[in-house]
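A.B. asks: input-v1.txt is reproduced below (compact mmCIF, N, CA and C atoms).
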# COMPACT_ATOMS: atom_id res chain seq x y z
N MET G 3 0.83 -1.20 0.00
CA MET G 3 0.00 0.00 0.00
C MET G 3 0.87 1.25 0.00
N GLU G 4 2.01 1.20 0.71
CA GLU G 4 2.89 2.36 0.75
C GLU G 4 3.43 2.70 -0.64
N GLY G 5 3.68 1.68 -1.45
CA GLY G 5 4.17 1.90 -2.81
C GLY G 5 3.15 2.64 -3.66
N VAL G 6 1.88 2.30 -3.48
CA VAL G 6 0.82 2.98 -4.23
C VAL G 6 0.73 4.44 -3.80
N THR G 7 0.76 4.68 -2.48
CA THR G 7 0.68 6.04 -1.96
C THR G 7 1.86 6.87 -2.46
N GLU G 8 3.05 6.27 -2.43
CA GLU G 8 4.24 6.98 -2.90
C GLU G 8 4.12 7.28 -4.40
N GLY G 9 3.60 6.33 -5.15
CA GLY G 9 3.41 6.53 -6.60
C GLY G 9 2.45 7.65 -6.90
N VAL G 10 1.35 7.73 -6.14
CA VAL G 10 0.37 8.81 -6.33
C VAL G 10 0.99 10.15 -5.95
N ASN G 11 1.74 10.19 -4.86
CA ASN G 11 2.37 11.44 -4.43
C ASN G 11 3.40 11.95 -5.44
N ASN G 12 4.06 11.04 -6.15
CA ASN G 12 5.09 11.41 -7.13
C ASN G 12 4.54 11.56 -8.54
N LEU G 13 3.24 11.41 -8.70
CA LEU G 13 2.60 11.48 -10.01
C LEU G 13 2.78 12.87 -10.62
N GLN G 14 3.21 12.89 -11.85
CA GLN G 14 3.35 14.16 -12.56
C GLN G 14 2.48 14.09 -13.81
N ILE G 15 1.67 15.11 -14.00
CA ILE G 15 0.81 15.18 -15.17
C ILE G 15 1.63 15.74 -16.32
N THR G 16 1.70 15.00 -17.42
CA THR G 16 2.47 15.47 -18.57
C THR G 16 1.57 15.90 -19.72
N ASP G 17 0.28 15.71 -19.60
CA ASP G 17 -0.66 16.13 -20.63
C ASP G 17 -0.72 17.65 -20.65
N SER G 18 -0.31 18.27 -21.77
CA SER G 18 -0.28 19.73 -21.83
C SER G 18 -1.67 20.35 -21.76
N SER G 19 -2.70 19.60 -22.14
CA SER G 19 -4.05 20.15 -22.09
C SER G 19 -4.56 20.23 -20.64
N TYR G 20 -3.91 19.52 -19.71
CA TYR G 20 -4.33 19.56 -18.31
C TYR G 20 -4.25 20.98 -17.76
N ASN G 21 -3.17 21.69 -18.07
CA ASN G 21 -2.99 23.05 -17.55
C ASN G 21 -4.05 24.00 -18.09
N ASN G 22 -4.54 23.76 -19.29
CA ASN G 22 -5.58 24.60 -19.88
C ASN G 22 -6.91 24.43 -19.18
N LYS G 23 -7.16 23.32 -18.56
CA LYS G 23 -8.46 23.02 -17.98
C LYS G 23 -8.75 23.82 -16.73
N LYS G 24 -7.74 24.39 -16.09
CA LYS G 24 -7.97 25.12 -14.84
C LYS G 24 -8.78 26.39 -15.05
N ASN G 25 -8.82 26.89 -16.28
CA ASN G 25 -9.59 28.10 -16.53
C ASN G 25 -10.77 27.82 -17.47
N ARG G 26 -11.24 26.58 -17.50
CA ARG G 26 -12.38 26.21 -18.34
C ARG G 26 -13.65 26.16 -17.49
N ILE G 27 -14.70 26.73 -18.05
CA ILE G 27 -16.02 26.66 -17.42
C ILE G 27 -16.92 25.88 -18.36
N GLN G 28 -17.44 24.76 -17.87
CA GLN G 28 -18.38 23.96 -18.66
C GLN G 28 -19.78 24.41 -18.29
N VAL G 29 -20.44 25.04 -19.23
CA VAL G 29 -21.72 25.69 -18.98
C VAL G 29 -22.88 24.74 -19.25
N SER G 30 -23.84 24.77 -18.35
CA SER G 30 -25.10 24.04 -18.50
C SER G 30 -26.22 25.08 -18.46
N ASN G 31 -27.26 24.89 -19.24
CA ASN G 31 -28.35 25.87 -19.18
C ASN G 31 -29.43 25.43 -18.21
N THR G 32 -29.19 24.38 -17.45
CA THR G 32 -30.19 23.92 -16.49
C THR G 32 -29.71 23.97 -15.04
N LYS G 33 -28.40 24.02 -14.81
CA LYS G 33 -27.91 23.88 -13.44
C LYS G 33 -27.74 25.19 -12.69
N LYS G 34 -27.26 26.23 -13.35
CA LYS G 34 -26.97 27.50 -12.67
C LYS G 34 -27.55 28.65 -13.48
N PRO G 35 -27.84 29.77 -12.81
CA PRO G 35 -28.32 30.95 -13.55
C PRO G 35 -27.21 31.56 -14.40
N LEU G 36 -27.61 32.31 -15.40
CA LEU G 36 -26.69 32.92 -16.36
C LEU G 36 -25.60 33.74 -15.68
N PHE G 37 -25.99 34.60 -14.73
CA PHE G 37 -25.00 35.49 -14.14
C PHE G 37 -24.07 34.79 -13.16
N PHE G 38 -24.38 33.59 -12.75
CA PHE G 38 -23.41 32.78 -12.01
C PHE G 38 -22.19 32.55 -12.89
N TYR G 39 -22.43 32.18 -14.15
CA TYR G 39 -21.34 31.92 -15.09
C TYR G 39 -20.61 33.21 -15.47
N VAL G 40 -21.33 34.31 -15.62
CA VAL G 40 -20.70 35.59 -15.94
C VAL G 40 -19.73 35.98 -14.82
N ASN G 41 -20.18 35.90 -13.58
CA ASN G 41 -19.33 36.27 -12.44
C ASN G 41 -18.17 35.29 -12.27
N LEU G 42 -18.41 34.02 -12.51
CA LEU G 42 -17.33 33.03 -12.43
C LEU G 42 -16.28 33.31 -13.50
N ALA G 43 -16.70 33.65 -14.70
CA ALA G 43 -15.76 33.98 -15.78
C ALA G 43 -14.93 35.20 -15.41
N LYS G 44 -15.54 36.18 -14.77
CA LYS G 44 -14.78 37.37 -14.32
C LYS G 44 -13.69 36.96 -13.34
N ARG G 45 -14.04 36.09 -12.40
CA ARG G 45 -13.05 35.63 -11.40
C ARG G 45 -11.92 34.87 -12.08
N TYR G 46 -12.27 33.99 -13.02
CA TYR G 46 -11.24 33.23 -13.73
C TYR G 46 -10.31 34.16 -14.51
N MET G 47 -10.87 35.22 -15.12
CA MET G 47 -10.03 36.15 -15.88
C MET G 47 -9.13 36.95 -14.95
N GLU G 48 -9.60 37.27 -13.75
CA GLU G 48 -8.75 37.95 -12.77
C GLU G 48 -7.53 37.10 -12.44
N GLN G 49 -7.74 35.80 -12.29
CA GLN G 49 -6.68 34.89 -11.87
C GLN G 49 -5.78 34.44 -13.02
N ASN G 50 -6.35 34.22 -14.22
CA ASN G 50 -5.60 33.59 -15.31
C ASN G 50 -5.45 34.43 -16.57
N ASN G 51 -6.02 35.62 -16.59
CA ASN G 51 -6.00 36.51 -17.76
C ASN G 51 -6.80 36.01 -18.95
N GLU G 52 -7.36 34.82 -18.85
CA GLU G 52 -8.24 34.30 -19.89
C GLU G 52 -9.14 33.23 -19.31
N VAL G 53 -10.23 32.94 -20.03
CA VAL G 53 -11.16 31.92 -19.60
C VAL G 53 -11.69 31.21 -20.84
N GLU G 54 -11.91 29.92 -20.74
CA GLU G 54 -12.51 29.15 -21.83
C GLU G 54 -13.90 28.72 -21.42
N LEU G 55 -14.88 29.13 -22.20
CA LEU G 55 -16.27 28.74 -21.97
C LEU G 55 -16.58 27.58 -22.91
N SER G 56 -17.18 26.54 -22.37
CA SER G 56 -17.45 25.34 -23.15
C SER G 56 -18.87 24.88 -22.90
N ALA G 57 -19.54 24.39 -23.97
CA ALA G 57 -20.91 23.91 -23.81
C ALA G 57 -21.24 22.90 -24.90
N LEU G 58 -22.26 22.09 -24.60
CA LEU G 58 -22.79 21.10 -25.54
C LEU G 58 -24.25 21.40 -25.83
N GLY G 59 -24.68 21.10 -27.04
CA GLY G 59 -26.10 21.13 -27.40
C GLY G 59 -26.80 22.43 -27.11
N MET G 60 -27.89 22.32 -26.34
CA MET G 60 -28.75 23.47 -26.07
C MET G 60 -28.08 24.54 -25.21
N ALA G 61 -27.00 24.21 -24.54
CA ALA G 61 -26.30 25.19 -23.70
C ALA G 61 -25.41 26.12 -24.52
N ILE G 62 -25.26 25.86 -25.81
CA ILE G 62 -24.42 26.70 -26.66
C ILE G 62 -24.91 28.15 -26.66
N ALA G 63 -26.22 28.34 -26.73
CA ALA G 63 -26.77 29.70 -26.72
C ALA G 63 -26.41 30.43 -25.43
N THR G 64 -26.38 29.70 -24.32
CA THR G 64 -26.02 30.30 -23.03
C THR G 64 -24.56 30.76 -23.04
N VAL G 65 -23.67 29.95 -23.60
CA VAL G 65 -22.25 30.30 -23.66
C VAL G 65 -22.04 31.54 -24.52
N VAL G 66 -22.73 31.60 -25.65
CA VAL G 66 -22.61 32.76 -26.53
C VAL G 66 -23.11 34.01 -25.81
N THR G 67 -24.19 33.90 -25.07
CA THR G 67 -24.73 35.03 -24.32
C THR G 67 -23.74 35.50 -23.26
N ILE G 68 -23.13 34.58 -22.54
CA ILE G 68 -22.13 34.93 -21.52
C ILE G 68 -20.96 35.67 -22.16
N ALA G 69 -20.46 35.14 -23.27
CA ALA G 69 -19.34 35.77 -23.96
C ALA G 69 -19.71 37.18 -24.42
N GLU G 70 -20.91 37.35 -24.95
CA GLU G 70 -21.34 38.66 -25.43
C GLU G 70 -21.51 39.65 -24.28
N ILE G 71 -22.00 39.21 -23.14
CA ILE G 71 -22.12 40.10 -21.97
C ILE G 71 -20.74 40.59 -21.55
N LEU G 72 -19.78 39.69 -21.49
CA LEU G 72 -18.42 40.07 -21.08
C LEU G 72 -17.78 41.00 -22.09
N LYS G 73 -18.00 40.73 -23.38
CA LYS G 73 -17.43 41.58 -24.43
C LYS G 73 -18.10 42.96 -24.45
N ASN G 74 -19.42 42.99 -24.38
CA ASN G 74 -20.15 44.26 -24.45
C ASN G 74 -19.89 45.16 -23.26
N ASN G 75 -19.51 44.57 -22.12
CA ASN G 75 -19.18 45.36 -20.93
C ASN G 75 -17.70 45.77 -20.92
N GLY G 76 -16.98 45.43 -21.98
CA GLY G 76 -15.59 45.84 -22.10
C GLY G 76 -14.62 45.03 -21.27
N LEU G 77 -15.06 43.87 -20.78
CA LEU G 77 -14.21 43.06 -19.90
C LEU G 77 -13.36 42.04 -20.65
N ALA G 78 -13.77 41.65 -21.85
CA ALA G 78 -13.09 40.56 -22.54
C ALA G 78 -13.09 40.78 -24.05
N PHE G 79 -12.22 40.02 -24.71
CA PHE G 79 -12.20 39.96 -26.16
C PHE G 79 -12.04 38.51 -26.59
N GLU G 80 -12.53 38.19 -27.78
CA GLU G 80 -12.45 36.81 -28.29
C GLU G 80 -11.03 36.51 -28.73
N LYS G 81 -10.52 35.37 -28.28
CA LYS G 81 -9.23 34.90 -28.76
C LYS G 81 -9.42 33.79 -29.78
N LYS G 82 -10.39 32.90 -29.49
CA LYS G 82 -10.56 31.73 -30.34
C LYS G 82 -11.96 31.15 -30.12
N ILE G 83 -12.58 30.72 -31.20
CA ILE G 83 -13.86 30.01 -31.11
C ILE G 83 -13.71 28.71 -31.89
N THR G 84 -14.05 27.62 -31.23
CA THR G 84 -13.95 26.30 -31.85
C THR G 84 -15.31 25.62 -31.77
N THR G 85 -15.76 25.06 -32.90
CA THR G 85 -16.98 24.26 -32.90
C THR G 85 -16.65 22.86 -33.38
N SER G 86 -17.41 21.91 -32.87
CA SER G 86 -17.21 20.51 -33.27
C SER G 86 -18.46 19.71 -32.92
N THR G 87 -18.45 18.45 -33.27
CA THR G 87 -19.48 17.53 -32.81
C THR G 87 -18.79 16.38 -32.09
N ILE G 88 -19.46 15.89 -31.07
CA ILE G 88 -18.92 14.75 -30.33
C ILE G 88 -19.98 13.66 -30.24
N ASP G 89 -19.53 12.43 -30.12
CA ASP G 89 -20.44 11.30 -29.95
C ASP G 89 -20.66 11.07 -28.47
N MET G 90 -21.92 10.96 -28.08
CA MET G 90 -22.27 10.68 -26.68
C MET G 90 -23.25 9.51 -26.67
N ARG G 91 -23.25 8.77 -25.58
CA ARG G 91 -24.23 7.69 -25.38
C ARG G 91 -25.09 8.04 -24.18
N GLU G 92 -26.40 7.99 -24.38
CA GLU G 92 -27.30 8.28 -23.26
C GLU G 92 -27.38 7.09 -22.31
N ASP G 93 -27.34 5.88 -22.84
CA ASP G 93 -27.36 4.66 -22.02
C ASP G 93 -26.05 3.92 -22.24
N ALA G 94 -25.75 3.01 -21.33
CA ALA G 94 -24.52 2.24 -21.44
C ALA G 94 -24.47 1.45 -22.75
N GLY G 95 -25.58 0.90 -23.18
CA GLY G 95 -25.59 0.10 -24.40
C GLY G 95 -26.27 0.80 -25.57
N GLY G 96 -26.61 2.06 -25.41
CA GLY G 96 -27.36 2.78 -26.44
C GLY G 96 -26.51 3.21 -27.62
N ARG G 97 -27.22 3.70 -28.65
CA ARG G 97 -26.53 4.18 -29.84
C ARG G 97 -25.84 5.51 -29.53
N PRO G 98 -24.75 5.79 -30.23
CA PRO G 98 -24.12 7.10 -30.03
C PRO G 98 -24.98 8.20 -30.65
N ILE G 99 -25.03 9.32 -29.98
CA ILE G 99 -25.77 10.49 -30.44
C ILE G 99 -24.76 11.61 -30.64
N GLN G 100 -24.84 12.30 -31.77
CA GLN G 100 -23.92 13.41 -32.00
C GLN G 100 -24.48 14.69 -31.36
N LYS G 101 -23.60 15.39 -30.65
CA LYS G 101 -23.97 16.65 -30.02
C LYS G 101 -23.01 17.73 -30.50
N ALA G 102 -23.55 18.92 -30.72
CA ALA G 102 -22.72 20.06 -31.08
C ALA G 102 -21.96 20.53 -29.84
N LYS G 103 -20.74 21.02 -30.06
CA LYS G 103 -19.92 21.52 -28.97
C LYS G 103 -19.29 22.84 -29.41
N ILE G 104 -19.21 23.78 -28.47
CA ILE G 104 -18.53 25.05 -28.74
C ILE G 104 -17.57 25.33 -27.60
N GLU G 105 -16.44 25.91 -27.95
CA GLU G 105 -15.46 26.38 -26.98
C GLU G 105 -15.08 27.80 -27.38
N ILE G 106 -15.25 28.73 -26.46
CA ILE G 106 -14.91 30.13 -26.71
C ILE G 106 -13.83 30.54 -25.72
N LEU G 107 -12.69 30.93 -26.25
CA LEU G 107 -11.59 31.39 -25.41
C LEU G 107 -11.62 32.92 -25.40
N LEU G 108 -11.78 33.48 -24.20
CA LEU G 108 -11.84 34.92 -24.02
C LEU G 108 -10.59 35.40 -23.29
N GLY G 109 -10.05 36.51 -23.74
CA GLY G 109 -8.92 37.14 -23.07
C GLY G 109 -9.39 38.34 -22.26
N LYS G 110 -8.63 38.68 -21.27
CA LYS G 110 -8.91 39.83 -20.41
C LYS G 110 -8.60 41.10 -21.19
N SER G 111 -9.55 42.04 -21.21
CA SER G 111 -9.34 43.29 -21.94
C SER G 111 -8.35 44.18 -21.19
N GLU G 112 -7.83 45.20 -21.90
CA GLU G 112 -6.88 46.12 -21.28
C GLU G 112 -7.52 46.90 -20.15
N LYS G 113 -8.82 47.17 -20.25
CA LYS G 113 -9.52 47.96 -19.22
C LYS G 113 -10.21 47.09 -18.17
N PHE G 114 -9.95 45.79 -18.18
CA PHE G 114 -10.62 44.87 -17.26
C PHE G 114 -10.48 45.31 -15.80
N ASP G 115 -9.25 45.54 -15.36
CA ASP G 115 -9.01 45.88 -13.95
C ASP G 115 -9.68 47.21 -13.58
N GLU G 116 -9.62 48.16 -14.49
CA GLU G 116 -10.24 49.47 -14.26
C GLU G 116 -11.76 49.34 -14.12
N ILE G 117 -12.37 48.56 -15.00
CA ILE G 117 -13.83 48.36 -14.97
C ILE G 117 -14.24 47.61 -13.71
N MET G 118 -13.49 46.58 -13.35
CA MET G 118 -13.81 45.79 -12.15
C MET G 118 -13.68 46.67 -10.89
N ALA G 119 -12.69 47.54 -10.85
CA ALA G 119 -12.51 48.43 -9.69
C ALA G 119 -13.68 49.41 -9.60
N ALA G 120 -14.11 49.93 -10.74
CA ALA G 120 -15.25 50.86 -10.76
C ALA G 120 -16.53 50.15 -10.31
N ASP G 121 -16.72 48.90 -10.76
CA ASP G 121 -17.89 48.12 -10.35
C ASP G 121 -17.87 47.85 -8.84
N ALA G 122 -16.69 47.53 -8.31
CA ALA G 122 -16.57 47.26 -6.87
C ALA G 122 -16.86 48.53 -6.07
N ALA G 123 -16.38 49.67 -6.55
CA ALA G 123 -16.63 50.93 -5.85
C ALA G 123 -18.12 51.28 -5.88
N ALA G 124 -18.77 51.06 -7.02
CA ALA G 124 -20.21 51.33 -7.13
C ALA G 124 -21.01 50.41 -6.21
N ALA G 125 -20.58 49.16 -6.10
CA ALA G 125 -21.26 48.21 -5.22
C ALA G 125 -21.10 48.61 -3.75
N ALA G 126 -19.92 49.11 -3.39
CA ALA G 126 -19.67 49.55 -2.02
C ALA G 126 -20.54 50.76 -1.67
N VAL G 127 -20.67 51.70 -2.61
CA VAL G 127 -21.51 52.88 -2.38
C VAL G 127 -22.97 52.46 -2.23
N ALA G 128 -23.42 51.54 -3.08
CA ALA G 128 -24.81 51.07 -3.01
C ALA G 128 -25.07 50.36 -1.69
N ALA G 129 -24.11 49.56 -1.21
CA ALA G 129 -24.27 48.85 0.06
C ALA G 129 -24.33 49.84 1.22
N GLU G 130 -23.51 50.88 1.15
CA GLU G 130 -23.50 51.89 2.20
C GLU G 130 -24.82 52.66 2.23
N GLU G 131 -25.33 52.99 1.05
CA GLU G 131 -26.61 53.70 0.97
C GLU G 131 -27.76 52.83 1.49
N ALA G 132 -27.71 51.54 1.19
CA ALA G 132 -28.74 50.63 1.67
C ALA G 132 -28.70 50.52 3.19
N LEU G 133 -27.50 50.50 3.75
CA LEU G 133 -27.34 50.43 5.21
C LEU G 133 -27.87 51.69 5.87
N GLU G 134 -27.58 52.85 5.27
CA GLU G 134 -28.08 54.12 5.80
C GLU G 134 -29.60 54.17 5.73
N TYR G 135 -30.16 53.64 4.66
CA TYR G 135 -31.61 53.64 4.48
C TYR G 135 -32.28 52.76 5.55
N GLU G 136 -31.67 51.60 5.83
CA GLU G 136 -32.22 50.68 6.83
C GLU G 136 -32.18 51.31 8.23
N GLN G 137 -31.16 52.08 8.51
CA GLN G 137 -30.99 52.67 9.84
C GLN G 137 -31.89 53.89 10.04
N SER G 138 -32.37 54.48 8.95
CA SER G 138 -33.22 55.66 9.11
C SER G 138 -34.68 55.32 9.31
Transcribe the structure of this file into structure tokens.
C.D. replies:
Amino acid sequence: MEGVTEGVNNLQITDSSYNNKKNRIQVSNTKKPLFFYVNLAKRYMEQNNEVELSALGMAIATVVTIAEILKNNGLAFEKKITTSTIDMREDAGGRPIQKAKIEILLGKSEKFDEIMAADAAAAAVAAEEALEYEQS
């Protein structure tokens, strides 16, 4: 058992695509609200300077909407858009079904930090005003 533990501890990932996955958001149009993904993408861009949005099938429209919100607010720009189809099986023994897939790589805009700071300042002022209103 110690050999297995030592082997796991010494494991090194050599797949170059592994490092890219840390900034990937796989979007579903049924699990989370739209602005959850928008805010998550902002956080990923703060940390990694870019974010990859990925979706299958009906969630593609949601990914495009998220990308457009980020672009229209001046937070991001498109680096790369990839479309493809993948084979999926709904059941263990079922026939393969082809699903559309999109991957949108967004980069952090030059004004990203400035816009985020302005948004944070506006949120702080709004919170302060709300607190004053509650106390009056």
A.B. asks: Could you pull out the helix (DSSP H, G or I) residues of chain G, going by DSSP on the backbone, and write them as a ChimeraX atom specification?
C.D. replies: /G:4-11,18-25,36-50,59-74,114-137
A.B. asks: Measuring between only N, CA and C atoms, which one of G:Ile117, G:Leu133, G:Val29, G:Ile99 shows the shortest distance to Ala61 in chain G?
C.D. replies: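 For Ala61 in chain G, the nearest of the given residues is G:Val29.
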A.B. asks: Around (-9.6, 41.5, -20.2), as given in the file, which residues come within 8 Å? Count all atoms listed in the file and list them as number ranges by chain.
C.D. replies: G: 47-48, 51-52, 76-79, 108-115
A.B. asks: Neighbours of range 36-43 of chain G within 8 Å (all atoms listed in the file; same-chain residues fewer than 4 positions away dropped), as a PyMOL selection string?
C.D. replies: chain G and resi 27+29-31+47-49+52-54+64+67-69+71-72
A.B. asks: Could you turn the residues from that selection into a file that holds N, CA and C atoms, as an mmCIF file, in the frame of the given file?
C.D. replies:
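selection-v8.cif, freshly written:
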data_model
loop_
_atom_site.group_PDB
_atom_site.id
_atom_site.type_symbol
_atom_site.label_atom_id
_atom_site.label_comp_id
_atom_site.auth_asym_id
_atom_site.auth_seq_id
_atom_site.Cartn_x
_atom_site.Cartn_y
_atom_site.Cartn_z
ATOM 1 N N ILE G 27 -14.700 26.730 -18.050
ATOM 2 C CA ILE G 27 -16.020 26.660 -17.420
ATOM 3 C C ILE G 27 -16.920 25.880 -18.360
ATOM 4 N N VAL G 29 -20.440 25.040 -19.230
ATOM 5 C CA VAL G 29 -21.720 25.690 -18.980
ATOM 6 C C VAL G 29 -22.880 24.740 -19.250
ATOM 7 N N SER G 30 -23.840 24.770 -18.350
ATOM 8 C CA SER G 30 -25.100 24.040 -18.500
ATOM 9 C C SER G 30 -26.220 25.080 -18.460
ATOM 10 N N ASN G 31 -27.260 24.890 -19.240
ATOM 11 C CA ASN G 31 -28.350 25.870 -19.180
ATOM 12 C C ASN G 31 -29.430 25.430 -18.210
ATOM 13 N N MET G 47 -10.870 35.220 -15.120
ATOM 14 C CA MET G 47 -10.030 36.150 -15.880
ATOM 15 C C MET G 47 -9.130 36.950 -14.950
ATOM 16 N N GLU G 48 -9.600 37.270 -13.750
ATOM 17 C CA GLU G 48 -8.750 37.950 -12.770
ATOM 18 C C GLU G 48 -7.530 37.100 -12.440
ATOM 19 N N GLN G 49 -7.740 35.800 -12.290
ATOM 20 C CA GLN G 49 -6.680 34.890 -11.870
ATOM 21 C C GLN G 49 -5.780 34.440 -13.020
ATOM 22 N N GLU G 52 -7.360 34.820 -18.850
ATOM 23 C CA GLU G 52 -8.240 34.300 -19.890
ATOM 24 C C GLU G 52 -9.140 33.230 -19.310
ATOM 25 N N VAL G 53 -10.230 32.940 -20.030
ATOM 26 C CA VAL G 53 -11.160 31.920 -19.600
ATOM 27 C C VAL G 53 -11.690 31.210 -20.840
ATOM 28 N N GLU G 54 -11.910 29.920 -20.740
ATOM 29 C CA GLU G 54 -12.510 29.150 -21.830
ATOM 30 C C GLU G 54 -13.900 28.720 -21.420
ATOM 31 N N THR G 64 -26.380 29.700 -24.320
ATOM 32 C CA THR G 64 -26.020 30.300 -23.030
ATOM 33 C C THR G 64 -24.560 30.760 -23.040
ATOM 34 N N THR G 67 -24.190 33.900 -25.070
ATOM 35 C CA THR G 67 -24.730 35.030 -24.320
ATOM 36 C C THR G 67 -23.740 35.500 -23.260
ATOM 37 N N ILE G 68 -23.130 34.580 -22.540
ATOM 38 C CA ILE G 68 -22.130 34.930 -21.520
ATOM 39 C C ILE G 68 -20.960 35.670 -22.160
ATOM 40 N N ALA G 69 -20.460 35.140 -23.270
ATOM 41 C CA ALA G 69 -19.340 35.770 -23.960
ATOM 42 C C ALA G 69 -19.710 37.180 -24.420
ATOM 43 N N ILE G 71 -22.000 39.210 -23.140
ATOM 44 C CA ILE G 71 -22.120 40.100 -21.970
ATOM 45 C C ILE G 71 -20.740 40.590 -21.550
ATOM 46 N N LEU G 72 -19.780 39.690 -21.490
ATOM 47 C CA LEU G 72 -18.420 40.070 -21.080
ATOM 48 C C LEU G 72 -17.780 41.000 -22.090
#
A.B. asks: Select, from G:Val66, G:Met60, G:Ile106, G:Ala119, the residue with the minimum atom-to-atom distance to Thr85 in chain G, counting all atoms listed in the file.
C.D. replies: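 Among the listed residues, the smallest separation from Thr85 in chain G belongs to G:Ile106.
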A.B. asks: So that I can check the secondary structure, give me every residue of range 9-112 of chain G assigned strand (DSSP E or B) by backbone DSSP, as a VMD selection string.
C.D. replies: chain G and resid 26 to 28 52 to 58 78 to 91 98 to 110
A.B. asks: Hey, can I get the axis-aligned box for range 40-46 of chain G? All listed atoms, 8 Å padding on each side, centre and edge lengths in Å to one decimal, as AutoDock Vina command-line options.
C.D. replies:
--center_x -15.8 --center_y 35.2 --center_z -13.7 --size_x 27.0 --size_y 20.3 --size_z 20.5
A.B. asks: Do you have the atom N of Glu136 in chain G-CA of Ala124 in chain G distance handy?
C.D. replies: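 Computing the Euclidean distance for atom N of Glu136 in chain G and CA of Ala124 in chain G yields 17.3 Å.
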A.B. asks: Which one is closest to Thr87 in chain G: G:Lys73, G:Arg45, G:Lys24, G:Lys101? Count only N, CA and C atoms.
C.D. replies: G:Lys101
